[in-house]
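Engineer: Just upload_31.cif, nothing more (mmCIF, C-alpha atoms, pLDDT in the B column; chains and numbers go by the auth columns):
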data_coords
loop_
_atom_site.group_PDB
_atom_site.id
_atom_site.type_symbol
_atom_site.label_atom_id
_atom_site.label_comp_id
_atom_site.label_asym_id
_atom_site.label_seq_id
_atom_site.Cartn_x
_atom_site.Cartn_y
_atom_site.Cartn_z
_atom_site.B_iso_or_equiv
_atom_site.auth_seq_id
_atom_site.auth_asym_id
ATOM 1 C CA MET A 1 42.566 -10.599 90.053 53.00 90 N
ATOM 2 C CA GLN A 2 40.999 -11.747 86.788 59.00 91 N
ATOM 3 C CA LYS A 3 41.784 -15.095 85.237 64.00 92 N
ATOM 4 C CA SER A 4 42.642 -15.181 81.555 68.00 93 N
ATOM 5 C CA VAL A 5 40.539 -17.391 79.306 64.00 94 N
ATOM 6 C CA HIS A 6 42.411 -20.272 77.749 75.00 95 N
ATOM 7 C CA PRO A 7 42.861 -19.743 73.974 77.00 96 N
ATOM 8 C CA MET A 8 41.126 -23.056 73.151 79.00 97 N
ATOM 9 C CA ARG A 9 38.061 -22.073 75.191 79.00 98 N
ATOM 10 C CA ARG A 10 37.978 -18.701 73.469 77.00 99 N
ATOM 11 C CA TYR A 11 38.120 -20.455 70.082 75.00 100 N
ATOM 12 C CA LEU A 12 35.350 -22.917 71.003 74.00 101 N
ATOM 13 C CA LEU A 13 33.150 -20.131 72.373 72.00 102 N
ATOM 14 C CA SER A 14 33.503 -18.052 69.201 74.00 103 N
ATOM 15 C CA LEU A 15 32.859 -21.154 67.084 68.00 104 N
ATOM 16 C CA ALA A 16 29.683 -21.930 69.044 72.00 105 N
ATOM 17 C CA ILE A 17 28.458 -18.353 68.600 75.00 106 N
ATOM 18 C CA MET A 18 29.067 -18.478 64.836 71.00 107 N
ATOM 19 C CA VAL A 19 27.259 -21.815 64.478 69.00 108 N
ATOM 20 C CA GLY A 20 24.330 -20.467 66.497 69.00 109 N
ATOM 21 C CA MET A 21 24.100 -17.405 64.254 66.00 110 N
ATOM 22 C CA GLN A 22 24.149 -19.616 61.137 69.00 111 N
ATOM 23 C CA LEU A 23 21.351 -21.796 62.501 62.00 112 N
ATOM 24 C CA ALA A 24 19.270 -18.759 63.389 59.00 113 N
ATOM 25 C CA ALA A 25 19.751 -17.353 59.885 56.00 114 N
ATOM 26 C CA CYS A 26 18.676 -20.644 58.291 54.00 115 N
ATOM 27 C CA GLN A 27 15.541 -20.882 60.398 52.00 116 N
ATOM 28 C CA GLY A 28 14.614 -17.282 59.662 47.00 117 N
ATOM 29 C CA GLY A 29 14.834 -17.912 55.918 49.00 118 N
ATOM 30 C CA GLN A 30 12.333 -20.778 55.913 51.00 119 N
ATOM 31 C CA GLY A 31 9.322 -18.521 56.345 53.00 120 N
ATOM 32 C CA SER A 32 10.374 -16.179 53.573 61.00 121 N
ATOM 33 C CA ALA A 33 10.231 -18.553 50.597 74.00 122 N
ATOM 34 C CA ARG A 34 9.971 -16.809 47.250 88.00 123 N
ATOM 35 C CA LEU A 35 6.761 -17.706 45.425 92.00 124 N
ATOM 36 C CA ILE A 36 6.435 -17.138 41.708 92.00 125 N
ATOM 37 C CA GLU A 37 3.723 -17.677 39.135 94.00 126 N
ATOM 38 C CA VAL A 38 4.552 -18.539 35.537 94.00 127 N
ATOM 39 C CA GLU A 39 2.612 -19.529 32.453 95.00 128 N
ATOM 40 C CA GLY A 40 3.880 -21.753 29.666 95.00 129 N
ATOM 41 C CA THR A 41 3.750 -25.162 28.021 95.00 130 N
ATOM 42 C CA LEU A 42 4.163 -28.219 30.261 96.00 131 N
ATOM 43 C CA VAL A 43 6.466 -30.787 28.665 95.00 132 N
ATOM 44 C CA LEU A 44 8.434 -33.850 29.699 93.00 133 N
ATOM 45 C CA LYS A 45 12.180 -33.616 29.068 91.00 134 N
ATOM 46 C CA GLY A 46 14.665 -36.436 29.215 90.00 135 N
ATOM 47 C CA ASN A 47 14.490 -40.181 28.740 90.00 136 N
ATOM 48 C CA GLU A 48 12.243 -42.564 30.636 85.00 137 N
ATOM 49 C CA PRO A 49 12.311 -43.479 33.460 84.00 138 N
ATOM 50 C CA PHE A 50 14.156 -40.233 34.290 88.00 139 N
ATOM 51 C CA ALA A 51 11.957 -37.765 32.370 89.00 140 N
ATOM 52 C CA GLN A 52 11.218 -34.550 34.272 92.00 141 N
ATOM 53 C CA ALA A 53 8.360 -32.049 34.060 94.00 142 N
ATOM 54 C CA VAL A 54 9.433 -28.683 32.663 95.00 143 N
ATOM 55 C CA ILE A 55 7.420 -25.560 31.923 95.00 144 N
ATOM 56 C CA VAL A 56 8.630 -23.787 28.791 95.00 145 N
ATOM 57 C CA ILE A 57 7.894 -20.068 29.047 93.00 146 N
ATOM 58 C CA SER A 58 9.961 -18.891 26.090 91.00 147 N
ATOM 59 C CA GLU A 59 12.889 -20.081 23.998 88.00 148 N
ATOM 60 C CA THR A 60 15.280 -18.907 26.705 88.00 149 N
ATOM 61 C CA GLU A 61 13.277 -19.477 29.899 90.00 150 N
ATOM 62 C CA GLN A 62 12.329 -22.885 31.297 92.00 151 N
ATOM 63 C CA TRP A 63 11.686 -24.122 34.838 93.00 152 N
ATOM 64 C CA LEU A 64 12.017 -27.624 36.241 94.00 153 N
ATOM 65 C CA LEU A 65 8.829 -28.512 38.156 95.00 154 N
ATOM 66 C CA LEU A 66 9.186 -30.510 41.367 94.00 155 N
ATOM 67 C CA GLY A 67 6.467 -32.227 43.362 94.00 156 N
ATOM 68 C CA LEU A 68 3.999 -33.070 40.595 93.00 157 N
ATOM 69 C CA LEU A 69 2.267 -36.417 40.374 91.00 158 N
ATOM 70 C CA ARG A 70 2.742 -38.389 37.180 89.00 159 N
ATOM 71 C CA SER A 71 -1.036 -38.227 36.567 90.00 160 N
ATOM 72 C CA GLU A 72 -0.940 -34.401 36.759 91.00 161 N
ATOM 73 C CA ILE A 73 1.901 -34.260 34.268 91.00 162 N
ATOM 74 C CA GLU A 74 0.231 -36.628 31.825 90.00 163 N
ATOM 75 C CA SER A 75 -3.151 -34.873 31.990 93.00 164 N
ATOM 76 C CA HIS A 76 -1.611 -31.459 31.200 94.00 165 N
ATOM 77 C CA GLN A 77 1.294 -32.512 28.979 93.00 166 N
ATOM 78 C CA ASN A 78 1.842 -30.246 25.951 94.00 167 N
ATOM 79 C CA GLN A 79 -0.806 -27.810 27.211 94.00 168 N
ATOM 80 C CA ILE A 80 -0.427 -24.208 28.325 95.00 169 N
ATOM 81 C CA VAL A 81 -0.685 -24.104 32.112 96.00 170 N
ATOM 82 C CA ARG A 82 -0.258 -21.636 34.958 95.00 171 N
ATOM 83 C CA VAL A 83 2.029 -22.786 37.774 95.00 172 N
ATOM 84 C CA THR A 84 2.541 -21.250 41.202 94.00 173 N
ATOM 85 C CA GLY A 85 5.498 -22.504 43.170 95.00 174 N
ATOM 86 C CA GLU A 86 8.313 -21.913 45.602 94.00 175 N
ATOM 87 C CA VAL A 87 11.726 -21.257 44.063 92.00 176 N
ATOM 88 C CA VAL A 88 14.145 -24.053 44.983 90.00 177 N
ATOM 89 C CA HIS A 89 17.038 -23.213 42.674 80.00 178 N
ATOM 90 C CA ASP A 90 17.144 -19.803 41.065 75.00 179 N
ATOM 91 C CA ALA A 91 18.299 -19.080 37.526 65.00 180 N
ATOM 92 C CA ARG A 92 21.890 -18.005 37.089 63.00 181 N
ATOM 93 C CA PRO A 93 23.407 -17.081 33.732 59.00 182 N
ATOM 94 C CA SER A 94 26.323 -19.496 34.132 54.00 183 N
ATOM 95 C CA ALA A 95 24.321 -22.363 35.650 58.00 184 N
ATOM 96 C CA ALA A 96 24.349 -25.647 33.769 67.00 185 N
ATOM 97 C CA ARG A 97 21.036 -26.771 35.251 77.00 186 N
ATOM 98 C CA LEU A 98 17.546 -25.360 34.915 87.00 187 N
ATOM 99 C CA PRO A 99 16.063 -23.217 37.656 91.00 188 N
ATOM 100 C CA SER A 100 13.533 -25.229 39.645 92.00 189 N
ATOM 101 C CA MET A 101 10.403 -24.676 41.696 94.00 190 N
ATOM 102 C CA ARG A 102 8.328 -26.827 44.046 95.00 191 N
ATOM 103 C CA VAL A 103 4.809 -26.666 42.616 95.00 192 N
ATOM 104 C CA GLN A 104 2.010 -25.521 44.909 94.00 193 N
ATOM 105 C CA ALA A 105 -0.708 -25.063 42.285 93.00 194 N
ATOM 106 C CA LEU A 106 -1.106 -26.036 38.639 92.00 195 N
ATOM 107 C CA SER A 107 -4.051 -25.084 36.464 91.00 196 N
ATOM 108 C CA PRO A 108 -4.740 -25.116 32.726 89.00 197 N
ATOM 109 C CA ARG A 109 -5.135 -21.793 30.988 81.00 198 N
ATOM 110 C CA LEU A 110 -8.866 -21.345 30.534 70.00 199 N
ATOM 111 C CA THR A 111 -8.866 -18.496 28.054 63.00 200 N
ATOM 112 C CA LYS A 112 -7.051 -18.333 24.768 61.00 201 N
ATOM 113 C CA PRO A 113 -4.813 -15.350 24.133 59.00 202 N
ATOM 114 C CA ALA A 114 -6.077 -12.609 21.862 59.00 203 N
ATOM 115 C CA PRO A 115 -4.845 -13.014 18.287 62.00 204 N
ATOM 116 C CA ALA A 116 -1.876 -10.868 17.325 61.00 205 N
ATOM 117 C CA PHE A 117 -2.708 -8.582 14.419 62.00 206 N
ATOM 118 C CA ALA A 118 -0.027 -7.634 11.924 54.00 207 N
ATOM 119 C CA LYS A 119 0.466 -3.928 11.411 53.00 208 N
#
Would you mind writing the file out in C-alpha coordinates?
Structural biologist:
Amino acid sequence: MQKSVHPMRRYLLSLAIMVGMQLAACQGGQGSARLIEVEGTLVLKGNEPFAQAVIVISETEQWLLLGLLRSEIESHQNQIVRVTGEVVHDARPSAARLPSMRVQALSPRLTKPAPAFAK
(Lines of atoms letter the chains of each structure in order from A and count residues from 1; the text may use other names and numbers.)
(Lines give C-alpha, C1' and ligand atoms only; values in the text may rest on other atoms or scores of the structure.)
Protein backbone atom coordinates (compact mmCIF):
# COMPACT_ATOMS: atom_id res chain seq x y z
CA MET A 1 0.00 0.00 0.00
CA GLN A 2 1.40 3.38 -1.04
CA LYS A 3 1.00 6.47 1.08
CA SER A 4 -0.19 9.63 -0.61
CA VAL A 5 2.00 12.71 -0.33
CA HIS A 6 0.46 15.56 1.60
CA PRO A 7 -0.43 18.48 -0.72
CA MET A 8 1.71 20.94 1.28
CA ARG A 9 4.77 18.69 0.96
CA ARG A 10 4.15 18.35 -2.76
CA TYR A 11 3.95 22.16 -3.04
CA LEU A 12 7.15 22.68 -1.03
CA LEU A 13 9.01 20.04 -3.04
CA SER A 14 8.02 21.63 -6.36
CA LEU A 15 8.94 25.07 -5.00
CA ALA A 16 12.37 23.82 -3.93
CA ILE A 17 12.97 22.29 -7.37
CA MET A 18 12.02 25.55 -9.11
CA VAL A 19 14.29 27.62 -6.86
CA GLY A 20 17.15 25.20 -7.47
CA MET A 21 16.67 25.47 -11.23
CA GLN A 22 16.66 29.29 -11.01
CA LEU A 23 19.89 29.29 -9.00
CA ALA A 24 21.55 26.92 -11.46
CA ALA A 25 20.50 29.15 -14.37
CA CYS A 26 21.92 32.24 -12.66
CA GLN A 27 25.25 30.58 -11.94
CA GLY A 28 25.52 29.30 -15.50
CA GLY A 29 25.03 32.80 -16.89
CA GLN A 30 27.94 34.33 -14.97
CA GLY A 31 30.59 32.76 -17.18
CA SER A 32 28.91 33.87 -20.38
CA ALA A 33 29.13 37.65 -19.98
CA ARG A 34 28.78 39.56 -23.23
CA LEU A 35 31.90 41.58 -24.03
CA ILE A 36 31.76 44.43 -26.51
CA GLU A 37 34.26 46.90 -27.91
CA VAL A 38 33.22 50.40 -28.91
CA GLU A 39 34.98 53.54 -30.06
CA GLY A 40 33.81 57.09 -29.42
CA THR A 41 34.31 60.29 -27.47
CA LEU A 42 34.61 60.01 -23.68
CA VAL A 43 32.60 62.73 -21.95
CA LEU A 44 31.25 63.48 -18.49
CA LYS A 45 27.47 63.89 -18.32
CA GLY A 46 25.48 65.27 -15.43
CA ASN A 47 26.20 67.66 -12.59
CA GLU A 48 28.97 67.32 -10.04
CA PRO A 49 29.33 65.41 -7.79
CA PHE A 50 27.08 62.98 -9.71
CA ALA A 51 28.67 63.30 -13.18
CA GLN A 52 29.07 59.98 -15.00
CA ALA A 53 31.47 58.83 -17.73
CA VAL A 54 29.74 58.23 -21.06
CA ILE A 55 31.15 57.20 -24.42
CA VAL A 56 29.38 58.91 -27.30
CA ILE A 57 29.54 56.72 -30.40
CA SER A 58 27.03 58.60 -32.54
CA GLU A 59 24.13 61.00 -32.10
CA THR A 60 21.87 58.08 -31.22
CA GLU A 61 24.24 55.68 -29.45
CA GLN A 62 25.85 56.31 -26.06
CA TRP A 63 27.02 53.96 -23.30
CA LEU A 64 27.39 54.63 -19.59
CA LEU A 65 30.85 53.48 -18.45
CA LEU A 66 31.13 51.82 -15.04
CA GLY A 67 34.27 51.04 -13.08
CA LEU A 68 36.56 53.84 -14.28
CA LEU A 69 38.76 55.80 -11.93
CA ARG A 70 38.29 59.55 -11.87
CA SER A 71 41.92 59.99 -13.02
CA GLU A 72 41.24 57.79 -16.09
CA ILE A 73 38.18 59.83 -16.98
CA GLU A 74 39.95 63.16 -16.59
CA SER A 75 43.02 62.08 -18.60
CA HIS A 76 40.89 60.94 -21.57
CA GLN A 77 37.98 63.38 -21.31
CA ASN A 78 36.78 64.74 -24.67
CA GLN A 79 39.13 62.38 -26.54
CA ILE A 80 38.30 59.53 -28.88
CA VAL A 81 38.91 56.26 -27.04
CA ARG A 82 38.38 52.54 -27.53
CA VAL A 83 36.59 50.76 -24.68
CA THR A 84 36.18 47.04 -24.07
CA GLY A 85 33.67 46.04 -21.45
CA GLU A 86 31.05 43.67 -20.15
CA VAL A 87 27.44 44.62 -20.87
CA VAL A 88 25.60 45.33 -17.61
CA HIS A 89 22.40 46.84 -18.97
CA ASP A 90 21.60 46.39 -22.63
CA ALA A 91 20.00 49.01 -24.87
CA ARG A 92 16.26 48.81 -25.32
CA PRO A 93 14.29 51.16 -27.56
CA SER A 94 11.84 52.11 -24.80
CA ALA A 95 14.41 52.34 -21.99
CA ALA A 96 14.72 55.68 -20.23
CA ARG A 97 18.30 55.02 -19.14
CA LEU A 98 21.47 54.56 -21.14
CA PRO A 99 22.86 51.09 -21.77
CA SER A 100 25.86 50.48 -19.53
CA MET A 101 29.05 48.45 -19.50
CA ARG A 102 31.66 47.60 -16.87
CA VAL A 103 34.95 48.72 -18.40
CA GLN A 104 37.75 46.17 -18.68
CA ALA A 105 40.09 48.15 -20.94
CA LEU A 106 40.27 51.76 -22.10
CA SER A 107 42.80 53.09 -24.58
CA PRO A 108 43.11 56.28 -26.63
CA ARG A 109 42.80 55.99 -30.38
CA LEU A 110 46.35 56.13 -31.68
CA THR A 111 45.66 56.72 -35.35
CA LYS A 112 43.53 59.42 -36.86
CA PRO A 113 40.79 58.37 -39.26
CA ALA A 114 41.38 58.84 -42.96
CA PRO A 115 39.88 62.09 -44.26
CA ALA A 116 36.53 61.76 -46.00
CA PHE A 117 36.70 63.01 -49.57
CA ALA A 118 33.67 64.62 -51.16
CA LYS A 119 32.55 63.09 -54.43
Engineer: Box for stretch 127-134 of chain N - axis-aligned, 8 Å on each of the six sides, all listed atoms - centre and size in Å to one decimal, as lines of an AutoDock Vina configuration file.
Structural biologist:
center_x = 7.4
center_y = -26.2
center_z = 31.8
size_x = 25.6
size_y = 31.3
size_z = 23.5
Engineer: Mind telling me what the PyMOL selection byres ((chain N and resi 141-150) around 9) catches here, as a PyMOL selection string?
Structural biologist: chain N and resi 127-137+139-140+151-155+157+162+166+169-170+172+187+189
Engineer: Considering all atoms listed in the file, state which residue in the set N:Ala122, N:His95, N:Arg198, N:Leu101 is at the smallest distance from N:His178.
Structural biologist: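 The closest residue to N:His178 is N:Ala122.
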Engineer: Grab the atom CA of N:Ile125 to atom CA of N:Val192 distance for me, in Å with one decimal place.
Structural biologist: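 Atom CA of N:Val192 lies at a distance of 9.7 Å from atom CA of N:Ile125.
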Engineer: Select, from N:Arg171, N:Pro138, N:Arg123, N:Ser164, the residue with the minimum atom-to-atom distance to N:Met190, counting all atoms listed in the file.
Structural biologist: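 Of N:Arg171, N:Pro138, N:Arg123, N:Ser164, the one nearest N:Met190, counting all atoms listed in the file, is N:Arg123.
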Engineer: Taking only C-alpha atoms into account, name the residue in N:Met107, N:Ala194, N:Leu102, N:Leu199 that is nearest to N:Gly174.
Structural biologist: N:Ala194
